[in-house]
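Chemist: Structure file run_27.cif (mmCIF, C-alpha atoms and all ligand atoms) is given on the next line.
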```cif
data_entry
#
loop_
_atom_site.group_PDB
_atom_site.id
_atom_site.type_symbol
_atom_site.label_atom_id
_atom_site.label_comp_id
_atom_site.auth_asym_id
_atom_site.auth_seq_id
_atom_site.Cartn_x
_atom_site.Cartn_y
_atom_site.Cartn_z
ATOM 1 C CA MET A 1000 0.000 0.000 0.000
ATOM 2 C CA THR A 1001 1.402 3.418 -0.939
ATOM 3 C CA ARG A 1002 1.351 5.938 1.896
ATOM 4 C CA SER A 1003 1.090 9.640 1.138
ATOM 5 C CA MET A 1004 3.581 11.856 2.891
ATOM 6 C CA GLY A 1005 2.176 14.265 5.500
ATOM 7 C CA LYS A 1006 3.286 17.904 5.845
ATOM 8 C CA ILE A 1007 5.535 17.335 8.854
ATOM 9 C CA THR A 1008 7.169 14.308 7.263
ATOM 10 C CA LEU A 1009 7.764 16.307 4.081
ATOM 11 C CA ALA A 1010 9.354 19.136 6.104
ATOM 12 C CA ARG A 1011 11.466 16.608 7.972
ATOM 13 C CA ARG A 1012 12.597 14.946 4.765
ATOM 14 C CA ILE A 1013 13.703 18.327 3.400
ATOM 15 C CA VAL A 1014 15.664 19.061 6.599
ATOM 16 C CA GLN A 1015 17.286 15.599 6.539
ATOM 17 C CA VAL A 1016 18.441 16.056 2.936
ATOM 18 C CA VAL A 1017 19.563 19.663 3.524
ATOM 19 C CA MET A 1018 21.610 18.518 6.540
ATOM 20 C CA LEU A 1019 23.338 15.897 4.398
ATOM 21 C CA GLY A 1020 24.036 18.499 1.708
ATOM 22 C CA LEU A 1021 25.275 20.996 4.292
ATOM 23 C CA PHE A 1022 28.196 18.755 5.188
ATOM 24 C CA CYS A 1023 29.094 18.250 1.512
ATOM 25 C CA LEU A 1024 28.972 21.957 0.685
ATOM 26 C CA PRO A 1025 32.204 23.231 2.347
ATOM 27 C CA PRO A 1026 34.558 20.964 0.359
ATOM 28 C CA LEU A 1027 32.692 21.794 -2.863
ATOM 29 C CA LEU A 1028 32.740 25.551 -2.203
ATOM 30 C CA ALA A 1029 36.460 25.392 -1.447
ATOM 31 C CA GLY A 1030 37.088 23.840 -4.868
ATOM 32 C CA TRP A 1031 37.470 20.256 -3.714
ATOM 33 C CA GLY A 1032 35.404 17.337 -4.962
ATOM 34 C CA LEU A 1033 33.286 14.973 -2.907
ATOM 35 C CA ALA A 1034 34.650 11.948 -1.034
ATOM 36 C CA GLY A 1035 37.910 13.763 -0.252
ATOM 37 C CA LEU A 1036 38.947 14.099 -3.896
ATOM 38 C CA TYR A 1037 40.744 17.288 -4.867
ATOM 39 C CA ALA A 1038 39.255 18.362 -8.193
ATOM 40 C CA GLY A 1039 41.414 21.470 -8.757
ATOM 41 C CA GLY A 1040 44.698 21.975 -10.585
ATOM 42 C CA ASP A 1041 48.098 22.823 -9.164
ATOM 43 C CA GLY A 1042 47.059 26.253 -7.874
ATOM 44 C CA GLU A 1043 46.631 26.974 -4.207
ATOM 45 C CA VAL A 1044 43.066 26.551 -2.895
ATOM 46 C CA ALA A 1045 41.438 27.320 0.402
ATOM 47 C CA THR A 1046 40.913 24.386 2.733
ATOM 48 C CA PRO A 1047 37.243 23.614 3.391
ATOM 49 C CA ALA A 1048 37.856 24.410 7.067
ATOM 50 C CA GLU A 1049 38.213 28.100 6.165
ATOM 51 C CA GLY A 1050 34.522 28.374 5.206
ATOM 52 C CA VAL A 1051 31.594 29.584 7.337
ATOM 53 C CA PHE A 1052 30.549 26.021 8.074
ATOM 54 C CA PHE A 1053 32.706 22.946 8.182
ATOM 55 C CA GLY A 1054 32.836 19.528 9.756
ATOM 56 C CA SER A 1055 30.785 16.412 10.311
ATOM 57 C CA LEU A 1056 28.031 15.346 12.677
ATOM 58 C CA SER A 1057 30.729 14.419 15.221
ATOM 59 C CA SER A 1058 32.428 17.781 15.239
ATOM 60 C CA SER A 1059 31.800 20.951 13.269
ATOM 61 C CA ALA A 1060 32.026 24.719 13.422
ATOM 62 C CA ALA A 1061 29.359 27.177 12.252
ATOM 63 C CA ALA A 1062 30.383 30.845 11.964
ATOM 64 C CA GLY A 1063 33.244 30.130 14.322
ATOM 65 C CA ILE A 1064 30.988 28.481 16.917
ATOM 66 C CA PRO A 1065 32.156 24.924 17.652
ATOM 67 C CA LEU A 1066 29.560 22.133 17.804
ATOM 68 C CA LEU A 1067 30.517 18.760 19.257
ATOM 69 C CA ASP A 1068 28.605 15.480 19.519
ATOM 70 C CA PRO A 1069 28.072 15.180 23.303
ATOM 71 C CA LEU A 1070 28.620 11.403 23.318
ATOM 72 C CA ALA A 1071 31.911 11.859 21.439
ATOM 73 C CA ALA A 1072 32.885 14.500 24.013
ATOM 74 C CA LEU A 1073 32.142 12.080 26.888
ATOM 75 C CA GLU A 1074 34.141 9.339 25.162
ATOM 76 C CA VAL A 1075 37.123 11.657 24.618
ATOM 77 C CA LEU A 1076 37.016 12.793 28.246
ATOM 78 C CA ALA A 1077 36.705 9.192 29.495
ATOM 79 C CA SER A 1078 39.635 8.169 27.282
ATOM 80 C CA GLY A 1079 41.823 10.639 29.150
ATOM 81 C CA TYR A 1080 42.618 12.850 26.146
ATOM 82 C CA GLY A 1081 41.048 15.927 27.681
ATOM 83 C CA LEU A 1082 39.006 18.541 25.841
ATOM 84 C CA ALA A 1083 39.759 22.213 25.395
ATOM 85 C CA ALA A 1084 37.234 24.614 26.904
ATOM 86 C CA VAL A 1085 36.018 25.431 23.414
ATOM 87 C CA GLY A 1086 35.227 21.735 22.808
ATOM 88 C CA LEU A 1087 33.351 21.470 26.101
ATOM 89 C CA ALA A 1088 31.383 24.607 25.220
ATOM 90 C CA GLY A 1089 30.557 23.099 21.798
ATOM 91 C CA ALA A 1090 29.195 19.921 23.386
ATOM 92 C CA ALA A 1091 27.260 21.920 26.011
ATOM 93 C CA LEU A 1092 25.689 24.027 23.265
ATOM 94 C CA VAL A 1093 24.407 20.909 21.489
ATOM 95 C CA VAL A 1094 23.071 19.465 24.764
ATOM 96 C CA VAL A 1095 21.210 22.666 25.657
ATOM 97 C CA ALA A 1096 19.810 23.204 22.143
ATOM 98 C CA TYR A 1097 18.474 19.667 21.682
ATOM 99 C CA GLY A 1098 17.581 19.366 25.372
ATOM 100 C CA LEU A 1099 15.309 22.380 25.131
ATOM 101 C CA VAL A 1100 13.531 21.235 21.983
ATOM 102 C CA ARG A 1101 13.534 17.419 22.274
ATOM 103 C CA GLY A 1102 16.717 15.395 22.750
ATOM 104 C CA ARG A 1103 15.848 12.911 20.057
ATOM 105 C CA ALA A 1104 14.808 15.606 17.574
ATOM 106 C CA PHE A 1105 18.395 15.044 16.419
ATOM 107 C CA CYS A 1106 17.415 11.449 15.541
ATOM 108 C CA GLY A 1107 14.181 12.420 13.821
ATOM 109 C CA TRP A 1108 15.299 15.466 11.892
ATOM 110 C CA VAL A 1109 19.080 15.330 11.434
ATOM 111 C CA CYS A 1110 20.644 11.882 11.746
ATOM 112 C CA PRO A 1111 21.235 10.205 8.358
ATOM 113 C CA VAL A 1112 20.914 6.728 9.924
ATOM 114 C CA ASN A 1113 17.272 7.441 10.720
ATOM 115 C CA LEU A 1114 16.754 8.583 7.140
ATOM 116 C CA ILE A 1115 18.281 5.303 5.933
ATOM 117 C CA GLY A 1116 16.126 3.384 8.465
ATOM 118 C CA GLU A 1117 13.007 4.982 7.019
ATOM 119 C CA GLY A 1118 14.197 3.969 3.560
ATOM 120 C CA VAL A 1119 14.651 0.389 4.809
ATOM 121 C CA ASP A 1120 11.112 0.506 6.262
ATOM 122 C CA ALA A 1121 9.749 1.470 2.841
ATOM 123 C CA LEU A 1122 11.816 -1.221 1.111
ATOM 124 C CA ARG A 1123 10.694 -3.906 3.591
ATOM 125 C CA ARG A 1124 7.059 -2.936 3.007
ATOM 126 C CA ARG A 1125 7.582 -3.063 -0.744
ATOM 127 C CA LEU A 1126 9.250 -6.489 -0.548
ATOM 128 C CA GLY A 1127 6.592 -7.754 1.865
ATOM 129 C CA ILE A 1128 9.154 -8.804 4.500
ATOM 130 C CA ALA A 1129 7.532 -9.254 7.920
ATOM 131 C CA VAL A 1130 9.720 -8.670 11.001
ATOM 132 C CA PRO A 1131 8.873 -8.208 14.702
ATOM 133 C CA GLU A 1132 8.169 -4.655 15.868
ATOM 134 C CA ARG A 1133 10.421 -4.812 18.966
ATOM 135 C CA VAL A 1134 13.003 -7.412 19.905
ATOM 136 C CA LEU A 1135 14.827 -5.253 22.445
ATOM 137 C CA ASP A 1136 13.611 -2.822 25.078
ATOM 138 C CA ARG A 1137 14.077 0.838 24.077
ATOM 139 C CA HIS A 1138 16.003 1.560 27.291
ATOM 140 C CA VAL A 1139 18.822 -0.779 26.228
ATOM 141 C CA LYS A 1140 20.401 2.088 24.286
ATOM 142 C CA ILE A 1141 20.910 4.071 27.509
ATOM 143 C CA ALA A 1142 22.943 1.140 28.849
ATOM 144 C CA VAL A 1143 24.825 0.992 25.513
ATOM 145 C CA ALA A 1144 25.718 4.699 25.899
ATOM 146 C CA ALA A 1145 27.018 4.083 29.438
ATOM 147 C CA ALA A 1146 28.969 1.027 28.223
ATOM 148 C CA VAL A 1147 30.529 3.008 25.365
ATOM 149 C CA VAL A 1148 31.853 5.628 27.805
ATOM 150 C CA ALA A 1149 33.066 2.951 30.254
ATOM 151 C CA VAL A 1150 34.867 0.966 27.545
ATOM 152 C CA SER A 1151 36.429 4.189 26.183
ATOM 153 C CA ALA A 1152 37.855 4.785 29.655
ATOM 154 C CA LEU A 1153 39.171 1.206 29.812
ATOM 155 C CA VAL A 1154 40.845 1.108 26.408
ATOM 156 C CA GLY A 1155 41.928 4.760 26.285
ATOM 157 C CA PHE A 1156 40.243 5.829 23.046
ATOM 158 C CA PRO A 1157 36.720 6.850 21.993
ATOM 159 C CA VAL A 1158 35.482 3.424 20.867
ATOM 160 C CA PHE A 1159 32.122 4.290 19.326
ATOM 161 C CA GLU A 1160 33.614 7.016 17.151
ATOM 162 C CA THR A 1161 35.696 4.410 15.322
ATOM 163 C CA VAL A 1162 32.632 2.409 14.251
ATOM 164 C CA SER A 1163 29.839 5.005 14.416
ATOM 165 C CA PRO A 1164 27.429 4.796 11.475
ATOM 166 C CA ILE A 1165 26.219 8.336 12.212
ATOM 167 C CA GLY A 1166 29.290 10.109 10.906
ATOM 168 C CA ALA A 1167 29.905 7.429 8.260
ATOM 169 C CA VAL A 1168 27.408 8.961 5.839
ATOM 170 C CA ASN A 1169 28.473 12.609 5.855
ATOM 171 C CA LYS A 1170 32.168 11.898 6.462
ATOM 172 C CA GLY A 1171 32.108 9.416 3.579
ATOM 173 C CA LEU A 1172 30.352 11.828 1.208
ATOM 174 C CA ALA A 1173 32.516 14.813 2.087
ATOM 175 C CA PHE A 1174 35.925 13.392 3.011
ATOM 176 C CA SER A 1175 35.872 9.699 2.097
ATOM 177 C CA GLY A 1176 36.030 8.674 5.747
ATOM 178 C CA PHE A 1177 34.320 5.310 5.557
ATOM 179 C CA ALA A 1178 34.855 4.149 9.138
ATOM 180 C CA GLY A 1179 31.418 3.061 10.257
ATOM 181 C CA ALA A 1180 30.302 1.913 6.805
ATOM 182 C CA GLY A 1181 30.382 -1.714 8.043
ATOM 183 C CA THR A 1182 28.152 -0.785 11.007
ATOM 184 C CA LEU A 1183 25.791 0.925 8.611
ATOM 185 C CA ALA A 1184 25.607 -2.183 6.414
ATOM 186 C CA ALA A 1185 24.918 -4.362 9.484
ATOM 187 C CA ILE A 1186 22.132 -1.988 10.546
ATOM 188 C CA VAL A 1187 20.471 -2.160 7.128
ATOM 189 C CA ILE A 1188 20.553 -5.985 7.181
ATOM 190 C CA ALA A 1189 19.261 -6.144 10.781
ATOM 191 C CA GLU A 1190 16.430 -3.720 10.051
ATOM 192 C CA LEU A 1191 15.449 -5.551 6.884
ATOM 193 C CA PHE A 1192 15.406 -9.051 8.341
ATOM 194 C CA VAL A 1193 15.536 -8.969 12.182
ATOM 195 C CA SER A 1194 13.414 -6.189 13.647
ATOM 196 C CA ARG A 1195 11.928 -2.903 12.573
ATOM 197 C CA ARG A 1196 14.102 0.084 13.571
ATOM 198 C CA VAL A 1197 16.148 -2.010 16.009
ATOM 199 C CA TRP A 1198 19.177 0.289 15.830
ATOM 200 C CA CYS A 1199 17.439 3.627 16.411
ATOM 201 C CA ARG A 1200 14.929 2.266 18.910
ATOM 202 C CA SER A 1201 17.124 0.084 21.043
ATOM 203 C CA LEU A 1202 20.831 0.183 20.290
ATOM 204 C CA CYS A 1203 22.197 3.561 19.215
ATOM 205 C CA PRO A 1204 24.192 5.037 22.126
ATOM 206 C CA LEU A 1205 23.770 8.611 20.883
ATOM 207 C CA GLY A 1206 20.018 7.985 20.754
ATOM 208 C CA GLY A 1207 20.310 6.692 24.333
ATOM 209 C CA LEU A 1208 22.011 9.883 25.487
ATOM 210 C CA PHE A 1209 19.420 12.056 23.737
ATOM 211 C CA GLN A 1210 16.658 9.849 25.210
ATOM 212 C CA VAL A 1211 17.838 10.834 28.703
ATOM 213 C CA LEU A 1212 17.812 14.524 27.712
ATOM 214 C CA GLY A 1213 14.431 14.118 26.017
ATOM 215 C CA ARG A 1214 12.296 14.358 29.132
ATOM 216 C CA ALA A 1215 13.220 18.027 29.444
ATOM 217 C CA GLY A 1216 12.116 18.785 25.870
ATOM 218 C CA GLN A 1217 9.579 21.549 25.357
ATOM 219 C CA MET A 1218 8.279 20.361 21.967
ATOM 220 C CA ASN A 1219 5.732 17.643 22.668
ATOM 221 C CA VAL A 1220 3.025 15.720 20.885
ATOM 222 C CA HIS A 1221 -0.318 16.714 22.436
ATOM 223 C CA ILE A 1222 -3.505 14.649 22.256
ATOM 224 C CA ASN A 1223 -7.111 15.810 22.160
ATOM 225 C CA HIS A 1224 -8.840 12.894 23.890
ATOM 226 C CA ASP A 1225 -12.277 13.912 22.654
ATOM 227 C CA ALA A 1226 -11.149 13.637 19.030
ATOM 228 C CA CYS A 1227 -9.230 10.353 19.313
ATOM 229 C CA VAL A 1228 -11.096 7.374 17.836
ATOM 230 C CA HIS A 1229 -8.541 4.787 19.096
ATOM 231 C CA CYS A 1230 -7.694 3.503 15.640
ATOM 232 C CA GLY A 1231 -4.052 2.822 16.602
ATOM 233 C CA ARG A 1232 -2.609 4.328 13.436
ATOM 234 C CA CYS A 1233 -0.306 6.634 15.394
ATOM 235 C CA GLU A 1234 1.245 3.606 17.129
ATOM 236 C CA GLU A 1235 1.789 1.892 13.778
ATOM 237 C CA ALA A 1236 3.523 5.015 12.449
ATOM 238 C CA CYS A 1237 5.696 5.790 15.482
ATOM 239 C CA LEU A 1238 9.366 5.997 14.531
ATOM 240 C CA ALA A 1239 10.517 5.636 18.133
ATOM 241 C CA ASP A 1240 8.597 2.963 20.055
ATOM 242 C CA PRO A 1241 4.785 2.686 19.837
ATOM 243 C CA VAL A 1242 4.612 2.070 23.572
ATOM 244 C CA ILE A 1243 5.540 5.709 24.290
ATOM 245 C CA LEU A 1244 2.101 6.771 23.029
ATOM 246 C CA ALA A 1245 0.249 4.500 25.466
ATOM 247 C CA PRO A 1246 -0.164 6.940 28.411
ATOM 248 C CA ALA A 1247 -1.594 9.606 26.087
ATOM 249 C CA LEU A 1248 -3.878 7.162 24.258
ATOM 250 C CA SER A 1249 -5.178 5.612 27.476
ATOM 251 C CA GLY A 1250 -6.114 9.025 28.855
ATOM 252 C CA ASP A 1251 -3.446 9.083 31.545
ATOM 253 C CA ASP A 1252 -1.531 11.955 29.960
ATOM 254 C CA VAL A 1253 -2.127 14.789 27.539
ATOM 255 C CA ILE A 1254 1.309 14.747 25.934
ATOM 256 C CA VAL A 1255 3.784 12.094 24.833
ATOM 257 C CA ARG A 1256 6.147 12.544 27.753
ATOM 258 C CA ALA A 1257 8.738 9.826 27.126
ATOM 259 C CA GLY A 1258 12.232 11.074 26.367
ATOM 260 C CA ASP A 1259 12.298 8.637 23.479
ATOM 261 C CA CYS A 1260 9.922 10.700 21.324
ATOM 262 C CA MET A 1261 11.922 12.160 18.441
ATOM 263 C CA ALA A 1262 9.329 14.799 17.521
ATOM 264 C CA CYS A 1263 9.211 13.271 14.053
ATOM 265 C CA GLY A 1264 5.517 14.068 13.650
ATOM 266 C CA ALA A 1265 4.726 10.738 11.946
ATOM 267 C CA CYS A 1266 1.889 10.166 14.428
ATOM 268 C CA VAL A 1267 0.512 13.693 13.888
ATOM 269 C CA ASP A 1268 0.605 13.244 10.104
ATOM 270 C CA THR A 1269 -1.051 9.818 10.296
ATOM 271 C CA CYS A 1270 -3.909 10.533 12.719
ATOM 272 C CA PRO A 1271 -7.172 10.488 10.703
ATOM 273 C CA ALA A 1272 -9.050 12.325 13.461
ATOM 274 C CA ARG A 1273 -6.539 15.184 13.800
ATOM 275 C CA ALA A 1274 -6.360 14.376 17.495
ATOM 276 C CA LEU A 1275 -2.610 14.934 17.656
ATOM 277 C CA SER A 1276 -0.628 18.143 17.318
ATOM 278 C CA PHE A 1277 2.599 19.633 18.599
ATOM 279 C CA SER A 1278 2.469 21.834 21.677
ATOM 280 C CA LEU A 1279 5.109 23.849 23.491
ATOM 281 C CA GLY A 1280 5.901 23.302 27.151
ATOM 282 C CA ARG A 1281 5.546 20.473 29.632
ATOM 283 C CA LEU A 1282 1.837 20.347 30.400
ATOM 284 C CA PRO A 1283 0.718 19.267 33.895
ATOM 285 C CA ALA A 1284 0.472 15.662 34.980
ATOM 286 C CA ARG A 1285 -2.411 13.700 33.634
ATOM 287 C CA ALA A 1286 -4.830 13.232 36.535
ATOM 288 C CA GLN A 1287 -5.294 16.943 37.171
ATOM 289 C CA THR A 1288 -5.497 17.848 33.477
ATOM 290 C CA ARG A 1289 -8.076 15.161 32.784
ATOM 291 C CA ARG A 1290 -10.425 16.587 35.406
ATOM 292 C CA GLU A 1291 -9.986 20.064 33.963
ATOM 293 C CA GLU A 1292 -10.808 18.818 30.446
ATOM 294 C CA ARG A 1293 -14.003 17.149 31.626
ATOM 295 C CA ASP A 1294 -15.201 19.987 33.833
ATOM 296 C CA PRO A 1295 -13.238 23.183 33.244
ATOM 297 C CA VAL A 1296 -15.624 25.316 35.364
ATOM 298 C CA ALA A 1297 -15.524 23.051 38.397
ATOM 299 C CA GLU A 1298 -11.741 22.841 38.220
ATOM 300 C CA SER A 1299 -11.097 26.548 37.672
HETATM 301 S S1 LIG B 1 5.270 9.721 19.387
HETATM 302 FE FE1 LIG B 1 4.908 10.669 17.360
HETATM 303 S S2 LIG B 1 6.415 12.339 17.215
HETATM 304 FE FE2 LIG B 1 7.104 10.957 18.887
HETATM 305 S S3 LIG B 1 8.488 9.503 17.889
HETATM 306 FE FE3 LIG B 1 6.447 8.534 17.872
HETATM 307 S S4 LIG B 1 5.594 9.140 15.857
HETATM 308 FE FE4 LIG B 1 7.345 10.502 16.258
HETATM 309 S S1 LIG B 2 -4.156 7.929 15.166
HETATM 310 FE FE1 LIG B 2 -5.320 9.584 16.158
HETATM 311 S S2 LIG B 2 -7.386 8.750 16.398
HETATM 312 FE FE2 LIG B 2 -6.028 7.000 15.973
HETATM 313 S S3 LIG B 2 -5.440 6.253 18.048
HETATM 314 FE FE3 LIG B 2 -3.844 7.715 17.398
HETATM 315 S S4 LIG B 2 -4.513 9.705 18.260
HETATM 316 FE FE4 LIG B 2 -6.297 8.331 18.319
#
```
Show how you would write the structure in this file as structure tokens.
Ligand code: SF4
Ligand code: SF4
Modeler:
Amino acid sequence: MTRSMGKITLARRIVQVVMLGLFCLPPLLAGWGLAGLYAGGDGEVATPAEGVFFGSLSSSAAAGIPLLDPLAALEVLASGYGLAAVGLAGAALVVVAYGLVRGRAFCGWVCPVNLIGEGVDALRRRLGIAVPERVLDRHVKIAVAAAVVAVSALVGFPVFETVSPIGAVNKGLAFSGFAGAGTLAAIVIAELFVSRRVWCRSLCPLGGLFQVLGRAGQMNVHINHDACVHCGRCEEACLADPVILAPALSGDDVIVRAGDCMACGACVDTCPARALSFSLGRLPARAQTRREERDPVAES
């Protein structure tokens, strides 16, 4: 069955592709080719690092402001290499920015692995391959994040960065850094034949770190209980884990509160009753809000 793309998903797809292009642009603007190939002659050219924006999803600089993957920063610190103040500030900036919006908005809107995972979803549907929805609990990735930092401390180097599939896409396109390509291939095979979205839902350590930050996020999916017809289509569409919608669907909450929500909007786009929308701020706990919805005068 062909699914039409909703407005939020279309916007997200544009952002995902623009983010991929953004990392390829600096080498091209500096006169280099893609995949680390120098396409110029013998004359002197600027290095891509001299542009306004340069880097990868692990580490970049925009208008002189450093941006650092917070998990990579933790791994480097645990490895004993130390980080300059500017690196720490770059990681803190990323934590605060995503923390305020939704930690896993990075996963939903920026990370190329999620984009590839969605492509695998579409391919699996087209090929008619049936796999289980969840084979691992979504909290496993928090333990993976902790393990990655602990092992980095033990072995003295940032272990995940050497096999990370996240940087593999943009580093490969821009600089021909293909470390992580093997992980990416394993993820595609696992998601095609083992379990739907197993990497992003349950294993990715960066997703685990952003999951922890996610509970502070101010961008939340809100439900109108009166409109909901309990068709379950939002759960089928959820890119994180369908179980995170349960408190809102059962009437125990008015927002999707779990830190795992990646604000992807797939549920909002899919809902036939328009019962879901995005709202700003952490709305009050469910019990009180429910009474107010039923009897606003009595509760005021
Ligand atoms: S609850 Fe909705 S917005 Fe959050 S991850 Fe699931 S589909 Fe995306
Ligand atoms: S898709 Fe909409 S109507 Fe259906 S269960 Fe989810 S919120 Fe309710």
Chemist: Using all atoms listed in the file, which residues of the polymer chains come no farther than 12 Å from ligand LIG 2 (chain B)? I'd like the answer as a ChimeraX atom specification.
Modeler: /A:1220-1237,1241-1250,1253-1255,1264-1276
Chemist: Taking all atoms listed in the file into account, which of A:Ala1071, A:Ala1062, A:Val1143, A:Met1218 comes nearest ligand LIG 1 (chain B)?
Modeler: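 Ranking A:Ala1071, A:Ala1062, A:Val1143, A:Met1218 by distance to ligand LIG 1 (chain B), first place goes to A:Met1218.
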Chemist: Can you tell me, as a ChimeraX atom specification, what residues are no more than 10 Å from range 1005-1015 of chain A when counting all atoms listed in the file, ignoring any on the same chain fewer than 4 positions away?
Modeler: /A:1019-1021,1105-1111,1113-1114,1262-1269
Chemist: For each of A:Phe1192, A:Phe1159, A:Tyr1097, A:Tyr1080, take the minimum atom-to-atom distance to Glu1132 in chain A, counting only C-alpha atoms, then give the residue where this is smallest.
Modeler: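 So, comparing all the options, the nearest one is A:Phe1192.
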Chemist: Could you tell me which residues the PyMOL selection byres (((chain A and resi 1081-1087) around 10) and not hetatm) returns for this structure, as number ranges by chain?
Modeler: A: 1058, 1064-1069, 1072-1080, 1088-1092
Chemist: Pick the closest to ligand LIG 1 (chain B) from A:Ala1189, A:Ala1104, A:Ser1003, A:Ala1152: which is it, counting all atoms listed in the file?
Modeler: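 Of A:Ala1189, A:Ala1104, A:Ser1003, A:Ala1152, the one nearest ligand LIG 1 (chain B) is A:Ala1104, counting all atoms listed in the file.
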Chemist: Interatomic distance between CA of Arg1200 in chain A and CA of Asp1252 in chain A?
Modeler: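 Separation of CA of Arg1200 in chain A and CA of Asp1252 in chain A: 22.1 Å.
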